[in-house]
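Chemist: coords_17.cif is reproduced in full below (mmCIF, N, CA and C atoms).
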```cif
data_data
loop_
_atom_site.label_atom_id
_atom_site.label_comp_id
_atom_site.auth_asym_id
_atom_site.auth_seq_id
_atom_site.Cartn_x
_atom_site.Cartn_y
_atom_site.Cartn_z
N MET A 1 -23.85 -62.49 40.26
CA MET A 1 -23.11 -61.91 41.36
C MET A 1 -22.19 -62.96 41.94
N GLY A 2 -20.99 -62.54 42.35
CA GLY A 2 -19.99 -63.45 42.89
C GLY A 2 -20.30 -63.87 44.31
N HIS A 3 -19.62 -64.93 44.72
CA HIS A 3 -19.80 -65.47 46.07
C HIS A 3 -18.48 -65.41 46.81
N LEU A 4 -18.46 -64.76 47.91
CA LEU A 4 -17.34 -64.85 48.82
C LEU A 4 -17.82 -65.30 50.18
N GLY A 5 -19.07 -65.74 50.26
CA GLY A 5 -19.66 -66.15 51.52
C GLY A 5 -20.20 -64.93 52.24
N SER A 6 -20.45 -65.07 53.52
CA SER A 6 -20.88 -63.93 54.32
C SER A 6 -19.72 -63.52 55.21
N TYR A 7 -19.92 -62.47 56.00
CA TYR A 7 -18.82 -61.92 56.77
C TYR A 7 -19.24 -61.48 58.16
N THR A 8 -18.27 -61.50 59.06
CA THR A 8 -18.36 -60.80 60.33
C THR A 8 -17.11 -59.92 60.40
N THR A 9 -16.98 -59.06 61.39
CA THR A 9 -15.81 -58.19 61.44
C THR A 9 -15.05 -58.34 62.74
N LEU A 10 -13.76 -58.05 62.66
CA LEU A 10 -12.86 -58.03 63.80
C LEU A 10 -12.12 -56.71 63.75
N SER A 11 -12.02 -56.03 64.87
CA SER A 11 -11.33 -54.74 64.90
C SER A 11 -10.30 -54.75 66.02
N THR A 12 -9.12 -54.20 65.72
CA THR A 12 -8.13 -53.96 66.76
C THR A 12 -7.77 -52.50 66.71
N GLU A 13 -7.13 -52.02 67.74
CA GLU A 13 -6.79 -50.60 67.75
C GLU A 13 -5.71 -50.25 66.75
N GLU A 14 -4.86 -51.22 66.35
CA GLU A 14 -3.74 -50.94 65.48
C GLU A 14 -4.09 -50.99 64.00
N THR A 15 -5.10 -51.70 63.63
CA THR A 15 -5.40 -51.90 62.22
C THR A 15 -6.85 -51.60 61.92
N MET A 16 -7.12 -51.46 60.62
CA MET A 16 -8.51 -51.30 60.20
C MET A 16 -9.28 -52.56 60.53
N PRO A 17 -10.57 -52.46 60.75
CA PRO A 17 -11.37 -53.67 60.98
C PRO A 17 -11.23 -54.60 59.78
N LYS A 18 -11.11 -55.86 60.05
CA LYS A 18 -10.96 -56.86 59.00
C LYS A 18 -12.24 -57.67 58.87
N VAL A 19 -12.56 -57.97 57.66
CA VAL A 19 -13.73 -58.79 57.37
C VAL A 19 -13.35 -60.25 57.58
N ILE A 20 -14.15 -60.95 58.36
CA ILE A 20 -13.91 -62.37 58.60
C ILE A 20 -14.86 -63.16 57.71
N PRO A 21 -14.31 -63.90 56.75
CA PRO A 21 -15.18 -64.62 55.82
C PRO A 21 -15.89 -65.79 56.48
N VAL A 22 -17.10 -66.02 56.04
CA VAL A 22 -17.86 -67.21 56.40
C VAL A 22 -18.19 -67.87 55.06
N PRO A 23 -17.33 -68.81 54.62
CA PRO A 23 -17.49 -69.37 53.28
C PRO A 23 -18.83 -70.06 53.07
N ASP A 24 -19.29 -69.97 51.81
CA ASP A 24 -20.44 -70.76 51.40
C ASP A 24 -19.92 -71.87 50.48
N ALA A 25 -20.82 -72.67 49.91
CA ALA A 25 -20.40 -73.80 49.10
C ALA A 25 -19.56 -73.37 47.89
N VAL A 26 -19.87 -72.25 47.29
CA VAL A 26 -19.15 -71.78 46.09
C VAL A 26 -17.78 -71.23 46.47
N SER A 27 -17.69 -70.51 47.57
CA SER A 27 -16.43 -69.84 47.92
C SER A 27 -15.50 -70.68 48.79
N LYS A 28 -15.96 -71.81 49.31
CA LYS A 28 -15.15 -72.60 50.24
C LYS A 28 -13.78 -72.98 49.67
N PRO A 29 -13.66 -73.45 48.43
CA PRO A 29 -12.31 -73.78 47.92
C PRO A 29 -11.38 -72.56 47.89
N PHE A 30 -11.93 -71.39 47.60
CA PHE A 30 -11.11 -70.17 47.60
C PHE A 30 -10.57 -69.91 49.00
N TRP A 31 -11.45 -69.91 50.01
CA TRP A 31 -11.03 -69.61 51.37
C TRP A 31 -10.15 -70.71 51.96
N ASP A 32 -10.39 -71.96 51.58
CA ASP A 32 -9.51 -73.04 52.04
C ASP A 32 -8.09 -72.80 51.54
N ALA A 33 -7.95 -72.38 50.27
CA ALA A 33 -6.62 -72.10 49.72
C ALA A 33 -5.98 -70.90 50.42
N VAL A 34 -6.77 -69.84 50.67
CA VAL A 34 -6.24 -68.67 51.39
C VAL A 34 -5.70 -69.10 52.75
N ASN A 35 -6.40 -69.99 53.43
CA ASN A 35 -5.92 -70.47 54.73
C ASN A 35 -4.63 -71.27 54.61
N GLU A 36 -4.29 -71.72 53.41
CA GLU A 36 -3.02 -72.40 53.14
C GLU A 36 -2.00 -71.43 52.53
N LYS A 37 -2.32 -70.13 52.56
CA LYS A 37 -1.48 -69.07 51.98
C LYS A 37 -1.24 -69.29 50.49
N ARG A 38 -2.33 -69.65 49.81
CA ARG A 38 -2.31 -69.80 48.35
C ARG A 38 -3.47 -69.01 47.79
N LEU A 39 -3.29 -68.47 46.58
CA LEU A 39 -4.36 -67.75 45.90
C LEU A 39 -4.80 -68.60 44.72
N VAL A 40 -6.05 -69.03 44.75
CA VAL A 40 -6.63 -69.80 43.66
C VAL A 40 -7.84 -69.06 43.11
N LEU A 41 -8.03 -69.18 41.82
CA LEU A 41 -9.18 -68.58 41.16
C LEU A 41 -9.91 -69.64 40.37
N GLN A 42 -11.18 -69.39 40.11
CA GLN A 42 -11.90 -70.27 39.23
C GLN A 42 -11.38 -70.10 37.81
N HIS A 43 -11.29 -71.23 37.11
CA HIS A 43 -10.83 -71.25 35.72
C HIS A 43 -11.86 -72.01 34.90
N CYS A 44 -12.35 -71.37 33.85
CA CYS A 44 -13.32 -72.03 32.97
C CYS A 44 -12.56 -72.77 31.88
N THR A 45 -12.71 -74.07 31.85
CA THR A 45 -12.02 -74.86 30.83
C THR A 45 -12.70 -74.73 29.47
N ALA A 46 -13.93 -74.24 29.43
CA ALA A 46 -14.62 -74.05 28.15
C ALA A 46 -14.08 -72.84 27.39
N CYS A 47 -13.80 -71.74 28.10
CA CYS A 47 -13.34 -70.51 27.42
C CYS A 47 -11.97 -70.03 27.89
N ASN A 48 -11.34 -70.79 28.81
CA ASN A 48 -9.99 -70.49 29.30
C ASN A 48 -9.91 -69.15 30.03
N LYS A 49 -10.97 -68.79 30.77
CA LYS A 49 -11.02 -67.52 31.49
C LYS A 49 -10.90 -67.74 32.98
N LEU A 50 -10.08 -66.91 33.64
CA LEU A 50 -10.04 -66.88 35.10
C LEU A 50 -11.14 -65.95 35.59
N GLN A 51 -11.66 -66.21 36.79
CA GLN A 51 -12.65 -65.30 37.34
C GLN A 51 -12.57 -65.21 38.86
N TYR A 52 -12.93 -64.02 39.33
CA TYR A 52 -13.01 -63.70 40.75
C TYR A 52 -14.01 -62.57 40.87
N PRO A 53 -14.89 -62.61 41.84
CA PRO A 53 -15.05 -63.61 42.89
C PRO A 53 -15.68 -64.90 42.34
N PRO A 54 -15.61 -65.96 43.15
CA PRO A 54 -16.19 -67.24 42.72
C PRO A 54 -17.68 -67.11 42.41
N GLN A 55 -18.08 -67.81 41.36
CA GLN A 55 -19.48 -67.82 40.95
C GLN A 55 -19.87 -69.24 40.55
N GLN A 56 -21.15 -69.49 40.42
CA GLN A 56 -21.60 -70.83 40.04
C GLN A 56 -21.42 -71.10 38.56
N THR A 57 -21.40 -70.03 37.74
CA THR A 57 -21.21 -70.19 36.31
C THR A 57 -20.10 -69.25 35.83
N CYS A 58 -19.57 -69.53 34.65
CA CYS A 58 -18.55 -68.67 34.07
C CYS A 58 -19.17 -67.33 33.70
N GLN A 59 -18.53 -66.24 34.11
CA GLN A 59 -19.06 -64.91 33.82
C GLN A 59 -18.89 -64.52 32.36
N VAL A 60 -18.10 -65.28 31.59
CA VAL A 60 -17.88 -64.96 30.17
C VAL A 60 -18.79 -65.81 29.28
N CYS A 61 -18.69 -67.14 29.41
CA CYS A 61 -19.45 -68.02 28.50
C CYS A 61 -20.68 -68.65 29.14
N ARG A 62 -20.87 -68.41 30.43
CA ARG A 62 -22.02 -68.92 31.19
C ARG A 62 -22.02 -70.43 31.37
N SER A 63 -20.92 -71.09 31.07
CA SER A 63 -20.82 -72.52 31.30
C SER A 63 -20.93 -72.80 32.79
N ASP A 64 -21.68 -73.85 33.14
CA ASP A 64 -21.84 -74.14 34.56
C ASP A 64 -21.15 -75.43 34.99
N GLY A 65 -20.58 -76.17 34.07
CA GLY A 65 -19.93 -77.41 34.46
C GLY A 65 -18.46 -77.44 34.13
N GLN A 66 -17.89 -76.32 33.76
CA GLN A 66 -16.51 -76.29 33.31
C GLN A 66 -15.57 -75.52 34.23
N LEU A 67 -16.01 -75.19 35.43
CA LEU A 67 -15.19 -74.41 36.33
C LEU A 67 -14.31 -75.31 37.20
N THR A 68 -13.02 -75.02 37.19
CA THR A 68 -12.05 -75.70 38.04
C THR A 68 -11.33 -74.62 38.85
N TRP A 69 -10.43 -75.02 39.71
CA TRP A 69 -9.65 -74.07 40.51
C TRP A 69 -8.21 -74.09 40.03
N LYS A 70 -7.63 -72.90 39.87
CA LYS A 70 -6.26 -72.77 39.37
C LYS A 70 -5.48 -71.85 40.29
N GLU A 71 -4.30 -72.30 40.72
CA GLU A 71 -3.45 -71.46 41.55
C GLU A 71 -2.78 -70.40 40.67
N VAL A 72 -2.73 -69.17 41.17
CA VAL A 72 -2.09 -68.07 40.46
C VAL A 72 -0.95 -67.53 41.33
N THR A 73 -0.07 -66.75 40.72
CA THR A 73 1.14 -66.30 41.42
C THR A 73 0.86 -65.29 42.51
N GLY A 74 -0.24 -64.57 42.42
CA GLY A 74 -0.52 -63.55 43.43
C GLY A 74 0.28 -62.28 43.20
N ARG A 75 0.53 -61.98 41.96
CA ARG A 75 1.21 -60.73 41.60
C ARG A 75 0.29 -59.90 40.73
N GLY A 76 0.38 -58.59 40.90
CA GLY A 76 -0.47 -57.71 40.11
C GLY A 76 0.09 -56.30 40.10
N HIS A 77 -0.75 -55.38 39.68
CA HIS A 77 -0.38 -53.96 39.62
C HIS A 77 -1.55 -53.11 40.08
N ILE A 78 -1.23 -51.93 40.58
CA ILE A 78 -2.27 -50.99 41.01
C ILE A 78 -2.78 -50.25 39.78
N ALA A 79 -4.04 -50.42 39.46
CA ALA A 79 -4.63 -49.76 38.29
C ALA A 79 -5.04 -48.32 38.62
N THR A 80 -5.66 -48.15 39.77
CA THR A 80 -6.12 -46.84 40.20
C THR A 80 -6.48 -46.94 41.67
N TYR A 81 -6.85 -45.83 42.27
CA TYR A 81 -7.27 -45.86 43.67
C TYR A 81 -8.10 -44.62 43.97
N ILE A 82 -8.79 -44.70 45.07
CA ILE A 82 -9.46 -43.55 45.66
C ILE A 82 -9.13 -43.57 47.15
N VAL A 83 -9.33 -42.45 47.80
CA VAL A 83 -9.18 -42.38 49.24
C VAL A 83 -10.57 -42.14 49.82
N ILE A 84 -10.98 -43.02 50.70
CA ILE A 84 -12.28 -42.90 51.35
C ILE A 84 -12.13 -41.93 52.52
N GLU A 85 -12.81 -40.80 52.42
CA GLU A 85 -12.76 -39.79 53.47
C GLU A 85 -14.09 -39.65 54.20
N ASP A 86 -15.16 -40.07 53.55
CA ASP A 86 -16.49 -39.86 54.11
C ASP A 86 -17.36 -41.08 53.84
N GLY A 87 -16.81 -42.27 54.13
CA GLY A 87 -17.55 -43.50 53.91
C GLY A 87 -18.65 -43.68 54.91
N ARG A 88 -19.58 -44.54 54.59
CA ARG A 88 -20.74 -44.76 55.46
C ARG A 88 -20.72 -46.08 56.21
N LEU A 89 -19.63 -46.87 56.05
CA LEU A 89 -19.55 -48.12 56.78
C LEU A 89 -19.11 -47.82 58.21
N ASN A 90 -19.98 -48.07 59.15
CA ASN A 90 -19.70 -47.75 60.56
C ASN A 90 -18.39 -48.35 61.04
N ARG A 91 -18.10 -49.60 60.65
CA ARG A 91 -16.90 -50.25 61.15
C ARG A 91 -15.62 -49.62 60.60
N ARG A 92 -15.72 -48.84 59.54
CA ARG A 92 -14.53 -48.23 58.95
C ARG A 92 -14.43 -46.72 59.20
N MET A 93 -15.45 -46.10 59.76
CA MET A 93 -15.43 -44.65 59.96
C MET A 93 -14.22 -44.17 60.77
N PRO A 94 -13.83 -44.86 61.85
CA PRO A 94 -12.67 -44.37 62.63
C PRO A 94 -11.36 -44.41 61.84
N ASP A 95 -11.30 -45.19 60.77
CA ASP A 95 -10.06 -45.36 60.02
C ASP A 95 -9.92 -44.39 58.85
N GLN A 96 -10.90 -43.54 58.64
CA GLN A 96 -10.85 -42.62 57.52
C GLN A 96 -9.82 -41.53 57.78
N PRO A 97 -9.10 -41.08 56.77
CA PRO A 97 -9.15 -41.54 55.39
C PRO A 97 -8.35 -42.84 55.21
N TYR A 98 -8.76 -43.66 54.22
CA TYR A 98 -8.02 -44.88 53.89
C TYR A 98 -8.10 -45.13 52.39
N ASN A 99 -7.11 -45.86 51.91
CA ASN A 99 -7.03 -46.18 50.48
C ASN A 99 -8.00 -47.27 50.10
N LEU A 100 -8.49 -47.20 48.88
CA LEU A 100 -9.20 -48.30 48.26
C LEU A 100 -8.64 -48.39 46.85
N ALA A 101 -7.76 -49.37 46.65
CA ALA A 101 -7.05 -49.52 45.38
C ALA A 101 -7.64 -50.65 44.56
N LEU A 102 -7.65 -50.47 43.24
CA LEU A 102 -8.05 -51.51 42.30
C LEU A 102 -6.79 -52.20 41.82
N ILE A 103 -6.70 -53.50 42.07
CA ILE A 103 -5.54 -54.30 41.71
C ILE A 103 -5.90 -55.16 40.50
N THR A 104 -5.06 -55.14 39.47
CA THR A 104 -5.24 -56.04 38.33
C THR A 104 -4.24 -57.18 38.46
N LEU A 105 -4.70 -58.37 38.20
CA LEU A 105 -3.88 -59.56 38.31
C LEU A 105 -2.97 -59.69 37.09
N ASP A 106 -1.68 -59.96 37.31
CA ASP A 106 -0.75 -60.09 36.18
C ASP A 106 -1.14 -61.20 35.22
N GLU A 107 -1.60 -62.33 35.73
CA GLU A 107 -1.96 -63.45 34.84
C GLU A 107 -3.16 -63.14 33.96
N ASP A 108 -4.01 -62.25 34.41
CA ASP A 108 -5.19 -61.87 33.63
C ASP A 108 -5.66 -60.50 34.11
N PRO A 109 -5.27 -59.43 33.40
CA PRO A 109 -5.61 -58.07 33.84
C PRO A 109 -7.10 -57.76 33.89
N THR A 110 -7.95 -58.68 33.40
CA THR A 110 -9.39 -58.46 33.55
C THR A 110 -9.90 -58.94 34.90
N VAL A 111 -9.05 -59.61 35.68
CA VAL A 111 -9.41 -60.05 37.03
C VAL A 111 -8.93 -58.98 38.01
N ASN A 112 -9.85 -58.46 38.80
CA ASN A 112 -9.55 -57.36 39.71
C ASN A 112 -9.83 -57.73 41.16
N PHE A 113 -9.06 -57.12 42.03
CA PHE A 113 -9.25 -57.21 43.47
C PHE A 113 -9.26 -55.79 44.02
N TYR A 114 -9.84 -55.61 45.18
CA TYR A 114 -9.77 -54.34 45.90
C TYR A 114 -8.87 -54.52 47.11
N SER A 115 -8.14 -53.47 47.47
CA SER A 115 -7.24 -53.55 48.61
C SER A 115 -7.12 -52.19 49.28
N ASN A 116 -6.92 -52.22 50.59
CA ASN A 116 -6.60 -51.00 51.34
C ASN A 116 -5.10 -50.73 51.33
N LEU A 117 -4.33 -51.65 50.74
CA LEU A 117 -2.86 -51.54 50.66
C LEU A 117 -2.23 -51.27 52.02
N PRO A 118 -2.31 -52.24 52.93
CA PRO A 118 -1.69 -52.06 54.25
C PRO A 118 -0.23 -51.61 54.10
N GLY A 119 0.14 -50.62 54.90
CA GLY A 119 1.49 -50.09 54.87
C GLY A 119 1.68 -48.92 53.91
N THR A 120 0.66 -48.61 53.11
CA THR A 120 0.73 -47.48 52.19
C THR A 120 -0.16 -46.37 52.73
N PRO A 121 0.41 -45.22 53.06
CA PRO A 121 -0.39 -44.13 53.62
C PRO A 121 -1.43 -43.61 52.63
N PRO A 122 -2.56 -43.10 53.13
CA PRO A 122 -3.54 -42.48 52.25
C PRO A 122 -2.89 -41.40 51.38
N TYR A 123 -3.34 -41.34 50.15
CA TYR A 123 -2.87 -40.38 49.15
C TYR A 123 -1.46 -40.66 48.64
N LYS A 124 -0.83 -41.72 49.08
CA LYS A 124 0.54 -42.04 48.67
C LYS A 124 0.60 -43.33 47.85
N VAL A 125 -0.48 -43.68 47.19
CA VAL A 125 -0.55 -44.93 46.43
C VAL A 125 0.20 -44.76 45.10
N PRO A 126 1.17 -45.61 44.84
CA PRO A 126 1.92 -45.51 43.60
C PRO A 126 1.20 -46.23 42.44
N VAL A 127 0.33 -45.53 41.73
CA VAL A 127 -0.42 -46.14 40.63
C VAL A 127 0.57 -46.74 39.64
N GLY A 128 0.28 -47.96 39.21
CA GLY A 128 1.15 -48.67 38.29
C GLY A 128 2.16 -49.56 38.97
N ALA A 129 2.33 -49.40 40.28
CA ALA A 129 3.33 -50.18 41.02
C ALA A 129 2.93 -51.65 41.10
N ALA A 130 3.95 -52.49 41.21
CA ALA A 130 3.74 -53.92 41.40
C ALA A 130 3.28 -54.19 42.83
N VAL A 131 2.39 -55.15 42.97
CA VAL A 131 1.91 -55.59 44.28
C VAL A 131 1.95 -57.11 44.32
N GLU A 132 1.94 -57.63 45.54
CA GLU A 132 1.87 -59.08 45.72
C GLU A 132 0.88 -59.39 46.83
N VAL A 133 0.29 -60.56 46.73
CA VAL A 133 -0.69 -60.97 47.73
C VAL A 133 0.04 -61.32 49.02
N THR A 134 -0.58 -60.98 50.13
CA THR A 134 -0.13 -61.39 51.45
C THR A 134 -1.34 -61.96 52.17
N PHE A 135 -1.08 -62.59 53.28
CA PHE A 135 -2.17 -63.22 54.01
C PHE A 135 -2.11 -62.77 55.46
N GLU A 136 -3.27 -62.37 55.98
CA GLU A 136 -3.37 -61.86 57.35
C GLU A 136 -4.36 -62.72 58.13
N GLU A 137 -4.00 -63.05 59.36
CA GLU A 137 -4.91 -63.80 60.23
C GLU A 137 -5.92 -62.83 60.83
N VAL A 138 -7.20 -63.13 60.66
CA VAL A 138 -8.26 -62.27 61.19
C VAL A 138 -9.06 -62.96 62.29
N ALA A 139 -8.85 -64.23 62.43
CA ALA A 139 -9.48 -65.03 63.49
C ALA A 139 -8.65 -66.31 63.59
N PRO A 140 -8.71 -66.99 64.71
CA PRO A 140 -7.94 -68.22 64.82
C PRO A 140 -8.26 -69.18 63.67
N GLY A 141 -7.23 -69.53 62.91
CA GLY A 141 -7.41 -70.46 61.79
C GLY A 141 -8.02 -69.85 60.55
N GLN A 142 -8.23 -68.53 60.51
CA GLN A 142 -8.83 -67.91 59.33
C GLN A 142 -7.95 -66.77 58.83
N LEU A 143 -7.48 -66.91 57.60
CA LEU A 143 -6.70 -65.88 56.96
C LEU A 143 -7.56 -65.15 55.93
N ILE A 144 -7.13 -63.95 55.57
CA ILE A 144 -7.70 -63.24 54.43
C ILE A 144 -6.54 -62.86 53.51
N HIS A 145 -6.86 -62.60 52.26
CA HIS A 145 -5.84 -62.14 51.32
C HIS A 145 -5.86 -60.62 51.29
N GLU A 146 -4.70 -60.04 51.15
CA GLU A 146 -4.53 -58.60 51.08
C GLU A 146 -3.39 -58.36 50.10
N TRP A 147 -3.20 -57.13 49.70
CA TRP A 147 -2.17 -56.80 48.70
C TRP A 147 -1.24 -55.74 49.27
N ARG A 148 0.06 -55.91 49.01
CA ARG A 148 1.08 -54.96 49.45
C ARG A 148 1.96 -54.56 48.27
N VAL A 149 2.40 -53.31 48.29
CA VAL A 149 3.30 -52.82 47.25
C VAL A 149 4.63 -53.56 47.38
N VAL A 150 5.17 -54.01 46.24
CA VAL A 150 6.45 -54.68 46.22
C VAL A 150 7.55 -53.62 46.31
N PRO A 151 8.44 -53.74 47.32
CA PRO A 151 9.49 -52.71 47.47
C PRO A 151 10.48 -52.72 46.31
#
```
Could you quickly redo this structure as structure tokens?
Modeler:
Amino acid sequence: MGHLGSYTTLSTEETMPKVIPVPDAVSKPFWDAVNEKRLVLQHCTACNKLQYPPQQTCQVCRSDGQLTWKEVTGRGHIATYIVIEDGRLNRRMPDQPYNLALITLDEDPTVNFYSNLPGTPPYKVPVGAAVEVTFEEVAPGQLIHEWRVVP
């Protein structure tokens, strides 16, 4: 299982509640880069595979000493999506319906991210469209990565 640390939430009236990351030892380099408005992924030098979320070992070859961090462009495409209309997460119930899109990374389409696609109305997700990473402040000094459709 991947590591993104633990989370707390922040909610404002204008936006969906945002998850505030609390990095652990494995995810700290990822979140440090996000706070610098950079997207980095683990890269296994043994099998040349990128991976997300961060893990202690390579998810492909299981190597545990060959993981480094590699900056990626932060560009991808929308593979598919669903609209959450009846979710059970209390912090997100007031925001229903909302998009949950699967984003594939251009550098490696086997690396996926999930996004609510801020700025894209529910049911209006352009499957196949290009997206780019953006960064949103969710707490003083803490950013998160999000994805937006490229106009």
Chemist: Quick one: pull the distance between atom N of Asn48 in chain A and atom C of Asp106 in chain A, Å, one decimal.
Modeler: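 Distance reported for this atom pair: 15.4 Å.
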Chemist: Just list the residues in range 22-101 of chain A DSSP gives alpha helix (DSSP H) on the backbone, as number ranges by chain.
Modeler: A: 28-35
Chemist: Can you spit out the residues from that selection as a CSV table (one decimal), keeping the file's coordinate frame, using N, CA and C atoms?
Modeler:
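Written output follows (out_36.csv):
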```csv
chain,number,residue,atom,x,y,z
A,28,LYS,N,-16.0,-71.8,49.3
A,28,LYS,CA,-15.2,-72.6,50.2
A,28,LYS,C,-13.8,-73.0,49.7
A,29,PRO,N,-13.7,-73.4,48.4
A,29,PRO,CA,-12.3,-73.8,47.9
A,29,PRO,C,-11.4,-72.6,47.9
A,30,PHE,N,-11.9,-71.4,47.6
A,30,PHE,CA,-11.1,-70.2,47.6
A,30,PHE,C,-10.6,-69.9,49.0
A,31,TRP,N,-11.4,-69.9,50.0
A,31,TRP,CA,-11.0,-69.6,51.4
A,31,TRP,C,-10.2,-70.7,52.0
A,32,ASP,N,-10.4,-72.0,51.6
A,32,ASP,CA,-9.5,-73.0,52.0
A,32,ASP,C,-8.1,-72.8,51.5
A,33,ALA,N,-8.0,-72.4,50.3
A,33,ALA,CA,-6.6,-72.1,49.7
A,33,ALA,C,-6.0,-70.9,50.4
A,34,VAL,N,-6.8,-69.8,50.7
A,34,VAL,CA,-6.2,-68.7,51.4
A,34,VAL,C,-5.7,-69.1,52.8
A,35,ASN,N,-6.4,-70.0,53.4
A,35,ASN,CA,-5.9,-70.5,54.7
A,35,ASN,C,-4.6,-71.3,54.6
```
Chemist: Leaving out Pro121 in chain A and any residue of its chain fewer than 3 positions from it, which residues lie within 7 Å of it when counting only N, CA and C atoms, given as a PyMOL selection string?
Modeler: chain A and resi 98-99+117-118+124-125
Chemist: Any chance you could resolve the PyMOL selection byres ((chain A and resi 68) around 6) against this file and give the residues as a list in words?
Modeler: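 Answer for the PyMOL selection byres ((chain A and resi 68) around 6): Leu41, Gln42, His43, Cys44, Thr45, Gln66, Leu67, Trp69 and Lys70 of chain A.
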Chemist: Which range 29-66 of chain A residues have any atom within 10 Å of an atom of range 127-135 of chain A, and for each, what is the nearest pair of atoms with distance in Å to one decimal, counting only C-alpha atoms, rows sorted by chain and number, as a Markdown table?
Modeler:
```
| residue | atom | partner | partner_atom | distance |
| --- | --- | --- | --- | --- |
| A:Val34 | CA | A:Phe135 | CA | 7.3 |
| A:Asn35 | CA | A:Phe135 | CA | 8.2 |
| A:Glu36 | CA | A:Phe135 | CA | 9.3 |
| A:Lys37 | CA | A:Phe135 | CA | 6.2 |
| A:Arg38 | CA | A:Phe135 | CA | 8.7 |
| A:Leu39 | CA | A:Val133 | CA | 7.9 |
```
Chemist: Can you give me, as an MDAnalysis selection string, the residues this file yields under the PyMOL selection byres (((chain A and resi 112 and name CA) around 12) and name CA)?
Modeler: chainID A and resid 41 50:53 74:80 101:111 113:115 147
Chemist: Kindly give the distance, in Å, that separates atom N of Ile84 in chain A and CA of Thr120 in chain A, rounded to a single decimal.
Modeler: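 Atom-to-atom, atom N of Ile84 in chain A to CA of Thr120 in chain A, that is 12.6 Å.
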Chemist: Given the choices A:Val138, A:Glu146, A:Trp31, A:Glu71, which gets closest to Pro54 in chain A if the distance is worked out from only C-alpha atoms?
Modeler: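 Checking each of A:Val138, A:Glu146, A:Trp31, A:Glu71 against Pro54 in chain A, counting only C-alpha atoms, the winner is A:Trp31.
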Chemist: Could you write out, as a ChimeraX atom specification, all the residues of chain A that DSSP marks as strand (DSSP E or B)?
Modeler: /A:6-10,18-22,39-44,49-51,67-72,75-84,98-105,108-115,130-139,142-149
Chemist: Restricting the calculation to only N, CA and C atoms, which member of A:Asp32, A:Pro97, A:Arg148, A:Arg91 is positioned closest to Lys18 in chain A?
Modeler: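 Distance minimum relative to Lys18 in chain A lands on A:Arg91.
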Chemist: As an exercise, work out the distance from CA of Gly87 in chain A to atom C of Leu100 in chain A in Å and give it to one decimal place.
Modeler: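 Rounded to one decimal, the two atoms are 12.4 Å apart.
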Chemist: Around range 39-58 of chain A, fit a box with edges along x, y and z, padding it by 6 Å on each side, then list its centre and edge lengths in Å to one decimal as AutoDock Vina command-line options.
Modeler:
```
--center_x -12.4 --center_y -68.7 --center_z 37.0 --size_x 30.3 --size_y 24.3 --size_z 31.2
```
